[in-house]
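*Asks:* One structure coming up, written as structure tokens, with questions to follow.
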Number of protein chains: 2
Amino acid sequence: MANPTSRSRPTIYDVARAAGVSKSLVSLVLNESELVSPQRREAVLAAIARLDYRPSHAAATLAAARSRTIGVVIDDYRNPWFVDLLEGMRAEVTVKGYRLAVAEQRSATTDEALEGFLGGRADAIVVAGELIADQPDLGVPCVVIGVRERNVAGADHVSSDEASGVRLALDHLAVLGHRRIGHVTGRGGSARARLAAYRRWVERLGEAPLVAGAAQETNEAGGYAGAVELLKAHPEVTAVLAANDTMALGARAALAEAGRQVPGDVALVGYDDSLLARARYLDLTTVDSRNYEVGLAAGRALLRRLDVPDAPPLTEVIAPRLVVRTSTRRV
Amino acid sequence: MANPTSRSRPTIYDVARAAGVSKSLVSLVLNESELVSPQRREAVLAAIARLDYRPSHAAATLAAARSRTIGVVIDDYRNPWFVDLLEGMRAEVTVKGYRLAVAEQRSATTDEALEGFLGGRADAIVVAGELIADQPDLGVPCVVIGVRERNVAGADHVSSDEASGVRLALDHLAVLGHRRIGHVTGRGGSARARLAAYRRWVERLGEAPLVAGAAQETNEAGGYAGAVELLKAHPEVTAVLAANDTMALGARAALAEAGRQVPGDVALVGYDDSLLARARYLDLTTVDSRNYEVGLAAGRALLRRLDVPDAPPLTEVIAPRLVVRTSTRRV
DNA sequence: CTGAAAGCGCTTACAG
DNA sequence: CTGAAAGCGCTTACAG
């Protein structure tokens with residue numbers, strides 16, 4: 001005879017029976033209540049282990065009207081800038097019992113990653129990528145990371161100070177004696193913010209901006225194409241600031257093709273302090289956005305908002321830092 | 001007076017009332033039943049849009065005893081080889097109404113990503129990374145991707161043919177006239193499989209294996225360190241096969257430091273056909289594991305297993321292909 | 001601590 | 001198609 005209970009998963013009832021306690025007590029143990037005596041607690045944990053019991057998130061979410069899950073919307077798994085951000089958030093929120101779920105927006109034509117989290121009853125949302133459409137109040141706390149083209153009503157904001165990062169990079173080049181500093185830009189919110197900061201910096205010095213790549217994607221191919229443009233229009237550049245490290249990698253190839261040595265003929269600066277920048281073969285001077293710290297701040301903002309839903313909107317800006325490597329040197 | 005219904009989310013009852021139909025009918029529409037007349041269907045969809053209704057995954061999962069979610073366990077978001085795999089799986093399973101959830105194993109000391117999916121009642125699991133411990137039958141279909149050190153009882157297996165990929169690379173180098181071909185290896189299942197294939201190939205030719213890096217991590221730093229070792233022990237190499245593209249990037253730096261031109265003095269081959277390999281500045285000959293196709297096969301295996309739980313275990317091996325770029329040339 | 005109870009928002013037969 | 005009903009596996013008061 002088939003034993004039906006051996007086929008289906010154990011429930012909280014099975015654990016209660018096996019431990020010789022009430023179902024309520026098992027629930028208290030699962031939620032780490034302090035009202036439970038150590039002996040009973042041990043008995044319950046032993047039963048859980050023995051039965052290989054795993055509480056159903058679905059049932060817990062439905063009953064408690066909260067999922068203890070924070071949904072993080074990113075642009076694209078291929079662009080790993082979000083990884084440090086995630087670690088920072090994780091460090092802040094896991095101790096409070098929240099788990100992080102990640103989904104990419106990617107090529108979708110609707111905000112389906114966001115919709116998925118809303119359907120999954122995430123307790124809070126982090127938007128760390130560009131959305132398709134402006135969003136009304138999501139009904140749960142939301143923090144937007146970085147400079148974005150779309151808004152989420154009522155969201156808190158945490159971002160790295162892009163303008164300050166660009167200034168750090170350009171000041172560094174100026175101190176090294178560079179005067180003709182070109183910029184390879186691209187599409188999207190961050191690139192736009194960095195371009196604006198570049199323009200302000202150059203104009204403050206009374207010089208003309210040397211920019212290329214405005215129509216490019218912010219990837220390796222875009223960096224290559226942008227740098228080719230830049231060298232054609234402004235062969236006099238002695239330094240190039242790329243909108244990010246990946247574009248700098250592309251730019252490096254364009255410089256090599258043009259016979260320009262780095263850093264001998266042209267200094268090269270990226271942005272993000274990605275693994276690419278740290279790779280010995282590139283060893284790229286870059287700006288560290290300090291995404292881990294951005295993540296910590298985002299986590300704190302979320303916890304505060306979950307605690308005090310009506311707190312005034314928050315905007316926090318994290319100071320970036322320059323990381324000098326061998327791709328830049330004195331003229 | 002506060003209106004309580006305006007504070008809480010709309011439910012299937014609210015939709016039914018707004019559309020003037022029964023709750024059962026709304027459920028049928030949500031599950032895309034064909035029993036519903038177009039007019040009523042439209043009425044329900046209109047009510048859903050009007051109320052901004054989103055069905056609760058938690059409630060649906062609990063009631064239906066399935067989540068329509070497939071959990072994918074990966075090693076580390078920083079190593080983006082899984083992205084093509086994911087796309088392949090997605091292409092196969094989303095048409096059947098499944099969504100993919102991704103979680104990384106990373107530095108965790110327990111198989112918490114896997115545990116999370118089991119707690120979340122994923123309908124199936126894909127293991128695309130190294131687990132901490134061997135697993136008993138998970139109670140849901142499971143497919144393991146690649147060569148792994150840990151087992152999952154009853155799992156199906158889909159992998160790229162590592163041995164064949166290594167042979168493609170080495171045959172290519174041999175045809176170009178290389179005889180002293182070194183290998184930079186590292187830790188982990190894939191590196192081990194590639195090393196074994198390298199040894200077999202070299203021994204078949206009656207030559208001695210030239211290997212370094214066995215203790216290294218399979219990242220850029222490991223590739224650098226491994227190549228430094230290799231050049232020290234075997235300065236006679238005219239070609240280097242790295243265990244993956246990231247290690248090849250590290251090896252490239254070591255070669256440059258040693259004054260060896262690529263491909264002039266030493267030919268360099270990676271593995272994975274990652275974005276790195278495609279970058280113009282590296283332009284790396286590499287082996288494409290065809291992870292998109294692996295993903296398609298994994299998706300098919302999962303759907304089959306969900307359909308026929310007792311089908312015999314499946315092992316599918318996908319043929320890789322060589323991608324020749326400028327990092328290799330005739331001796 | 002226990003135990004009985006209500007309820008979370010759905011799905012799933014089932015009788016009509 | 002409708003409508004009443006049971007149930008999924010939890011959480012959450014609440015009386016004892």
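Quick note on naming: the chains in the structure tokens go A, B, ... in the order shown, residues restart at 1 in each chain, and ligands are numbered from 1 in order of appearance.
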For the interface of chain B with chain C (cut-off 8 Å, counting only C-alpha atoms (C1' of nucleotides)), please tabulate each contacting residue of chain B alongside its nearest pair of atoms and their separation in Å to one decimal, rows sorted by chain and increasing number, as a tab-separated table.

*Replies:*
residue	atom	partner	partner_atom	distance
B:Thr11	CA	C:DG9	C1'	6.8
B:Ile12	CA	C:DG9	C1'	7.4
B:Ser27	CA	C:DT11	C1'	7.7
B:Ser56	CA	C:DG9	C1'	6.9
B:Ala59	CA	C:DC10	C1'	4.6
B:Ala60	CA	C:DC10	C1'	4.8
B:Leu62	CA	C:DC10	C1'	7.6
B:Ala63	CA	C:DT11	C1'	5.1
B:Ala64	CA	C:DT11	C1'	5.4

*Asks:* Do me a favour and pick out the residues of chain B within 8 Å of chain A, using only C-alpha atoms, as a list in words.

*Replies:*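 Residues satisfying the distance criterion: Arg54, Pro55, Ser56, His57, Ala58, Ala59, Thr61, Leu62, Tyr77, Arg78, Pro80, Val83, Ala101, Val102, Ala103, Leu118, Gly119, Gly120, Arg121, Glu220, Ala221, Leu249, Gly250, Arg252, Ala253, Ala279, Arg280 and Tyr281 of chain B.
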
*Asks:* Compile the contact shell of Thr94 (chain B) as a ChimeraX atom specification: residues with an atom at most 12 Å away, counting only C-alpha atoms (C1' of nucleotides), same-chain residues fewer than 4 positions apart removed.

*Replies:* /B:68-70,86-90,98-101,296,299-300,303

*Asks:* Running DSSP on the backbone, which parts of region 53-146 of chain A land in strand (DSSP E or B), as a list in words?

*Replies:*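 For region 53-146 of chain A, the strand (DSSP E or B) set is Thr69, Ile70, Gly71, Val72, Val73, Ile74, Arg99, Leu100, Ala101, Val102, Ala103, Glu104, Ala124, Ile125, Val126, Val127, Ala128, Gln135, Cys142, Val143, Val144 and Ile145 of chain A.
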
*Asks:* What parts of region 48-192 of chain A does DSSP call alpha helix (DSSP H)? I'd like the answer as an MDAnalysis selection string.

*Replies:* chainID A and resid 48:51 57:64 82:93 112:119 162:175 189:192

*Asks:* Please provide as a ChimeraX atom specification all residues within 9 Å of region 191-197 of chain A, with the sequence filter that same-chain residues fewer than 3 positions apart are discarded (counting only C-alpha atoms (C1' of nucleotides)).

*Replies:* /A:147,162-167,183-188,200-202,211,214,218,243-244

*Asks:* Give me, please, the distance in Å between CA of Val158 (chain A) and CA of Ala298 (chain A), quoted to one decimal.

*Replies:*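 Straight-line distance from CA of Val158 (chain A) to CA of Ala298 (chain A) works out to 6.1 Å.
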
*Asks:* For Gln39 (chain A), work out the shell of residues within 12 Å, counting only C-alpha atoms (C1' of nucleotides) and skipping chain neighbours fewer than 3 positions away, then give it as a ChimeraX atom specification.

*Replies:* /A:19-21,29,35-36,42-46

*Asks:* Skip Pro312 (chain A) itself and residues of its chain fewer than 3 positions away, then list as an MDAnalysis selection string all residues within 10 Å of it, counting only C-alpha atoms (C1' of nucleotides).

*Replies:* chainID A and resid 154 156 305 308:309 315

*Asks:* CA of Ser22 (chain A) and CA of Pro10 (chain A) are how many Å apart?

*Replies:*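 Going from CA of Ser22 (chain A) over to CA of Pro10 (chain A), I get 15.1 Å.
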